[in-house]
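Visitor: One file: model-v5.csv (CSV, C-alpha atoms).
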chain,number,residue,atom,x,y,z
A,1,MET,CA,186.4,80.4,196.8
A,2,ARG,CA,189.2,80.8,199.3
A,3,ASP,CA,189.9,84.4,198.2
A,4,PRO,CA,187.2,86.8,199.6
A,5,PHE,CA,187.9,89.3,196.8
A,6,GLU,CA,187.4,86.8,194.1
A,7,ALA,CA,184.3,85.5,195.8
A,8,GLU,CA,183.0,89.0,195.9
A,9,ASN,CA,183.8,89.4,192.2
A,10,LEU,CA,182.1,86.1,191.3
A,11,ALA,CA,179.0,87.1,193.3
A,12,GLN,CA,178.8,90.4,191.3
A,13,GLU,CA,179.3,88.5,188.0
A,14,THR,CA,176.5,86.1,189.1
A,15,PHE,CA,174.0,88.9,189.8
A,16,LEU,CA,175.0,90.6,186.6
A,17,GLN,CA,174.3,87.4,184.7
A,18,VAL,CA,171.0,86.9,186.5
A,19,TYR,CA,170.0,90.4,185.4
A,20,LYS,CA,171.0,89.8,181.8
A,21,SER,CA,169.3,86.5,181.7
A,22,LEU,CA,166.0,87.5,183.3
A,23,PRO,CA,164.1,87.5,179.9
A,24,LYS,CA,165.0,83.8,179.5
A,25,TYR,CA,163.8,82.9,183.0
A,26,LYS,CA,160.8,80.6,183.0
A,27,LEU,CA,159.3,81.4,186.4
A,28,ARG,CA,160.4,78.0,187.9
A,29,GLY,CA,162.8,77.5,190.8
A,30,LEU,CA,164.4,80.9,191.1
A,31,LYS,CA,166.8,79.8,193.9
A,32,THR,CA,167.9,76.8,191.8
A,33,TRP,CA,168.3,78.9,188.7
A,34,ILE,CA,170.5,81.5,190.5
A,35,SER,CA,172.5,78.8,192.2
A,36,ARG,CA,173.2,77.2,188.8
A,37,ILE,CA,174.4,80.5,187.4
A,38,ALA,CA,176.7,80.9,190.5
A,39,LEU,CA,178.0,77.3,190.1
A,40,ASN,CA,178.8,77.9,186.4
A,41,LYS,CA,180.6,81.1,187.2
A,42,SER,CA,182.7,79.3,189.8
A,43,ILE,CA,183.5,76.5,187.5
A,44,ASP,CA,184.5,79.0,184.8
A,45,TYR,CA,186.7,80.8,187.3
A,46,LYS,CA,188.5,77.6,188.4
A,47,ARG,CA,189.1,76.5,184.8
A,48,LYS,CA,190.6,80.0,184.0
A,49,LEU,CA,192.7,79.8,187.1
A,50,ARG,CA,194.0,76.3,186.2
A,51,ALA,CA,194.8,77.5,182.6
A,52,GLN,CA,196.7,80.5,184.0
A,53,LYS,CA,198.8,78.3,186.3
A,54,ASN,CA,199.8,76.2,183.3
A,55,ARG,CA,201.1,79.3,181.5
A,56,GLU,CA,204.2,81.1,182.6
A,57,THR,CA,203.2,83.9,184.9
A,58,ILE,CA,205.1,87.2,184.8
A,59,SER,CA,205.9,89.0,188.0
A,60,LEU,CA,207.2,92.5,188.2
A,61,ALA,CA,209.9,91.3,190.6
A,62,ASP,CA,211.0,88.6,188.2
A,63,ILE,CA,211.7,90.9,185.3
A,64,GLU,CA,214.5,93.0,186.7
A,65,LEU,CA,217.4,93.3,184.3
A,66,VAL,CA,220.3,91.7,186.1
A,67,ALA,CA,223.8,92.5,184.8
A,68,ASP,CA,225.1,89.0,185.5
A,69,GLU,CA,228.1,87.9,183.4
A,70,SER,CA,227.2,84.3,183.9
A,71,ALA,CA,223.7,84.8,182.3
A,72,PRO,CA,223.6,84.1,178.5
A,73,VAL,CA,223.2,87.2,176.4
A,74,GLN,CA,219.9,86.0,175.0
A,75,ASP,CA,218.4,85.7,178.5
A,76,ILE,CA,219.5,89.3,179.3
A,77,ILE,CA,217.9,90.5,176.0
A,78,ILE,CA,214.7,88.6,176.7
A,79,ARG,CA,214.4,90.0,180.2
A,80,GLU,CA,215.0,93.5,178.9
A,81,GLU,CA,212.3,93.0,176.3
A,82,GLU,CA,209.9,91.7,178.9
A,83,ARG,CA,210.7,94.7,181.2
A,84,LEU,CA,209.9,97.1,178.3
A,85,LEU,CA,206.7,95.2,177.5
A,86,LEU,CA,205.7,95.3,181.2
A,87,ALA,CA,206.4,99.0,181.4
A,88,GLU,CA,204.2,99.6,178.3
A,89,ALA,CA,201.4,97.3,179.8
A,90,LEU,CA,201.6,99.3,183.0
A,91,SER,CA,201.1,102.5,181.2
A,92,LEU,CA,197.9,101.1,179.6
A,93,ILE,CA,196.1,100.1,182.8
A,94,PRO,CA,193.9,102.6,184.8
A,95,GLU,CA,196.2,104.9,186.9
A,96,HIS,CA,194.7,104.0,190.3
A,97,TYR,CA,195.7,100.4,189.7
A,98,ALA,CA,199.1,101.3,188.2
A,99,ALA,CA,200.0,103.6,191.1
A,100,VAL,CA,199.3,101.0,193.7
A,101,LEU,CA,201.3,98.4,191.7
A,102,ARG,CA,204.3,100.7,191.3
A,103,ARG,CA,204.3,101.5,195.0
A,104,ASN,CA,203.9,97.8,196.0
A,105,TYR,CA,206.5,96.3,193.7
A,106,LEU,CA,208.9,99.0,192.7
A,107,ALA,CA,208.9,101.1,195.9
A,108,ASN,CA,208.5,98.0,198.1
A,109,ARG,CA,205.6,99.4,200.0
A,110,SER,CA,203.2,97.2,202.0
A,111,PRO,CA,199.5,97.5,201.5
A,112,ARG,CA,199.3,99.2,204.9
A,113,GLN,CA,201.9,101.8,203.9
A,114,ILE,CA,200.2,102.5,200.6
A,115,ALA,CA,196.8,102.9,202.4
A,116,GLU,CA,198.3,105.4,204.8
A,117,GLU,CA,200.0,107.3,201.9
A,118,GLU,CA,196.9,107.4,199.7
A,119,ASN,CA,194.5,107.9,202.7
A,120,ILE,CA,192.4,104.9,201.6
A,121,SER,CA,191.5,101.6,203.3
A,122,ILE,CA,193.8,98.6,203.3
A,123,ARG,CA,191.1,96.5,201.7
A,124,THR,CA,190.9,99.0,198.8
A,125,VAL,CA,194.6,98.8,198.3
A,126,GLU,CA,194.4,95.0,198.3
A,127,THR,CA,191.6,95.0,195.9
A,128,ARG,CA,193.4,97.4,193.6
A,129,LEU,CA,196.5,95.2,193.8
A,130,TYR,CA,194.5,92.1,192.9
A,131,ARG,CA,192.6,93.7,190.1
A,132,GLY,CA,195.6,95.7,188.8
A,133,LYS,CA,197.7,92.5,188.6
A,134,LYS,CA,194.9,90.8,186.7
A,135,ILE,CA,194.5,93.7,184.2
A,136,LEU,CA,198.3,94.1,183.9
A,137,ARG,CA,198.7,90.4,183.1
A,138,GLU,CA,196.0,90.6,180.4
A,139,GLN,CA,197.6,93.7,178.9
A,140,PHE,CA,201.1,92.1,179.0
A,141,GLU,CA,199.8,88.9,177.3
A,142,GLU,CA,198.0,91.0,174.6
A,143,LEU,CA,201.1,93.0,173.9
A,144,SER,CA,203.2,89.8,173.8
A,145,LYS,CA,200.9,88.3,171.2
A,146,ASN,CA,200.9,91.5,169.1
A,147,GLY,CA,204.6,92.2,169.5
Could you write out this structure as structure tokens?

Guide:
Amino acid sequence: MRDPFEAENLAQETFLQVYKSLPKYKLRGLKTWISRIALNKSIDYKRKLRAQKNRETISLADIELVADESAPVQDIIIREEERLLLAEALSLIPEHYAAVLRRNYLANRSPRQIAEEENISIRTVETRLYRGKKILREQFEELSKNG
């Protein structure tokens, strides 16, 4: 993993899976068994990442309604619908993630500025941004399916 936050998440998922699977463990090759679980988690993550890249990704910055006369009316309507869906999805995620996302994207604050304002570490801000975007994307996709 090139992303240290995702590597940390995968390590946590691996140990959680090890704990859940302990009743199935056959007392042979503990190191190999744990390594295999970690490898499978990594493979699953890479597959999921590849699938996400194939789908259209929605960015908060990309969904601003632009009053451009050259843009077709249907594009403006679609952007407005996406903006409303995004606002609804943002209201559904935990507030500590939503607050950091709002400050970063809507108020154009850097992680350092947010950390100073919130009196938390930069790493915490970066983690909240990463996880918040992931949860927001999932909520947005769920609302898009149901809407």

Visitor: Could you check how far CA of Ala115 (chain A) sits from CA of Gly132 (chain A), in Å to one decimal?

Guide: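 Computing the Euclidean distance for CA of Ala115 (chain A) and CA of Gly132 (chain A) yields 15.4 Å.
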
Visitor: Give me, please, the distance in Å between CA of Phe5 (chain A) and CA of Phe140 (chain A), quoted to one decimal.

Guide: 22.3 Å

Visitor: Please provide as an mmCIF file with C-alpha atoms, in the frame of the given file all residues within 8 Å of Ala38 (chain A), with the sequence filter that same-chain residues fewer than 3 positions apart are discarded (counting all atoms listed in the file).

Guide:
data_model
loop_
_atom_site.group_PDB
_atom_site.id
_atom_site.type_symbol
_atom_site.label_atom_id
_atom_site.label_comp_id
_atom_site.auth_asym_id
_atom_site.auth_seq_id
_atom_site.Cartn_x
_atom_site.Cartn_y
_atom_site.Cartn_z
ATOM 1 C CA LEU A 10 182.100 86.100 191.300
ATOM 2 C CA ALA A 11 179.000 87.100 193.300
ATOM 3 C CA THR A 14 176.500 86.100 189.100
ATOM 4 C CA ILE A 34 170.500 81.500 190.500
ATOM 5 C CA SER A 35 172.500 78.800 192.200
ATOM 6 C CA LYS A 41 180.600 81.100 187.200
ATOM 7 C CA SER A 42 182.700 79.300 189.800
#

Visitor: Quick one: pull the distance between CA of Gln12 (chain A) and CA of Arg102 (chain A), Å, one decimal.

Guide: 27.5 Å

Visitor: Return the single residue from A:Leu30, A:Glu118, A:Arg83, A:Leu49 that is closest to His96 (chain A), with distances computed using all atoms listed in the file.

Guide: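 When distances to His96 (chain A) are compared using all atoms listed in the file, the smallest one comes from A:Glu118.
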
Visitor: Using only C-alpha atoms, can you tell me which of A:Ser21, A:Ser144, A:Thr124, A:Ser110 comes closest to Ile78 (chain A)?

Guide: A:Ser144

Visitor: Could you check which of A:Lys48, A:Ile37, A:Thr32, A:Arg112 is closest to Tyr19 (chain A), using all atoms listed in the file?

Guide: A:Ile37

Visitor: The centre and edge lengths of an axis-aligned box containing all atoms of region 19-38 of chain A present in the file, extended by 5 Å on each side, are to be given in Å to one decimal, as lines of an AutoDock Vina configuration file.

Guide:
center_x = 168.0
center_y = 83.6
center_z = 186.7
size_x = 27.4
size_y = 23.6
size_z = 24.4

Visitor: Go through A:Ala89, A:Ala7, A:Leu27, A:Leu84 one by one, measure the shortest atom-to-atom distance of each to Leu143 (chain A) using all atoms listed in the file, and give the residue with the smallest value.

Guide: A:Ala89

Visitor: Excluding Lys145 (chain A) and residues on its chain fewer than 6 positions from it, collect all residues at most 12 Å away from it, counting only C-alpha atoms, and give them as a PyMOL selection string.

Guide: chain A and resi 85+138-139

Visitor: Please return as number ranges by chain every residue within 12 Å of (200.6, 93.2, 183.0), taking into account only C-alpha atoms and the file's own coordinates.

Guide: A: 57-60, 63, 82-94, 97-98, 101-102, 129-144

Visitor: Of the candidates A:Lys46, A:Lys24, A:Lys31, A:Arg123, which shows the shortest atom-to-atom distance to Arg2 (chain A), using only C-alpha atoms?

Guide: A:Lys46

Visitor: Please, can region 12-24 of chain A be completed to N, CA and C atoms and returned as a PDB file, keeping the file's coordinate frame?

Guide:
ATOM      1  N   GLN A  12     179.254  89.288 192.179  1.00  0.00           N
ATOM      2  CA  GLN A  12     178.800  90.400 191.300  1.00  0.00           C
ATOM      3  C   GLN A  12     178.559  89.898 189.893  1.00  0.00           C
ATOM      4  N   GLU A  13     179.449  89.062 189.382  1.00  0.00           N
ATOM      5  CA  GLU A  13     179.300  88.500 188.000  1.00  0.00           C
ATOM      6  C   GLU A  13     177.984  87.675 187.976  1.00  0.00           C
ATOM      7  N   THR A  14     177.720  86.927 189.043  1.00  0.00           N
ATOM      8  CA  THR A  14     176.500  86.100 189.100  1.00  0.00           C
ATOM      9  C   THR A  14     175.266  86.960 189.003  1.00  0.00           C
ATOM     10  N   PHE A  15     175.197  88.001 189.822  1.00  0.00           N
ATOM     11  CA  PHE A  15     174.000  88.900 189.800  1.00  0.00           C
ATOM     12  C   PHE A  15     173.878  89.623 188.503  1.00  0.00           C
ATOM     13  N   LEU A  16     174.995  89.984 187.906  1.00  0.00           N
ATOM     14  CA  LEU A  16     175.000  90.600 186.600  1.00  0.00           C
ATOM     15  C   LEU A  16     174.392  89.669 185.547  1.00  0.00           C
ATOM     16  N   GLN A  17     174.845  88.415 185.601  1.00  0.00           N
ATOM     17  CA  GLN A  17     174.300  87.400 184.700  1.00  0.00           C
ATOM     18  C   GLN A  17     172.862  87.127 184.909  1.00  0.00           C
ATOM     19  N   VAL A  18     172.441  87.097 186.168  1.00  0.00           N
ATOM     20  CA  VAL A  18     171.000  86.900 186.500  1.00  0.00           C
ATOM     21  C   VAL A  18     170.208  88.018 185.850  1.00  0.00           C
ATOM     22  N   TYR A  19     170.672  89.251 186.006  1.00  0.00           N
ATOM     23  CA  TYR A  19     170.000  90.400 185.400  1.00  0.00           C
ATOM     24  C   TYR A  19     169.876  90.298 183.912  1.00  0.00           C
ATOM     25  N   LYS A  20     171.009  89.953 183.285  1.00  0.00           N
ATOM     26  CA  LYS A  20     171.000  89.800 181.800  1.00  0.00           C
ATOM     27  C   LYS A  20     170.141  88.705 181.326  1.00  0.00           C
ATOM     28  N   SER A  21     170.009  87.648 182.137  1.00  0.00           N
ATOM     29  CA  SER A  21     169.300  86.500 181.700  1.00  0.00           C
ATOM     30  C   SER A  21     167.811  86.459 182.141  1.00  0.00           C
ATOM     31  N   LEU A  22     167.357  87.494 182.795  1.00  0.00           N
ATOM     32  CA  LEU A  22     166.000  87.500 183.300  1.00  0.00           C
ATOM     33  C   LEU A  22     164.941  87.299 182.161  1.00  0.00           C
ATOM     34  N   PRO A  23     165.130  87.822 180.950  1.00  0.00           N
ATOM     35  CA  PRO A  23     164.100  87.500 179.900  1.00  0.00           C
ATOM     36  C   PRO A  23     164.005  86.055 179.572  1.00  0.00           C
ATOM     37  N   LYS A  24     165.042  85.291 179.816  1.00  0.00           N
ATOM     38  CA  LYS A  24     165.000  83.800 179.500  1.00  0.00           C
ATOM     39  C   LYS A  24     164.459  83.013 180.671  1.00  0.00           C
TER      40      LYS A  24
END
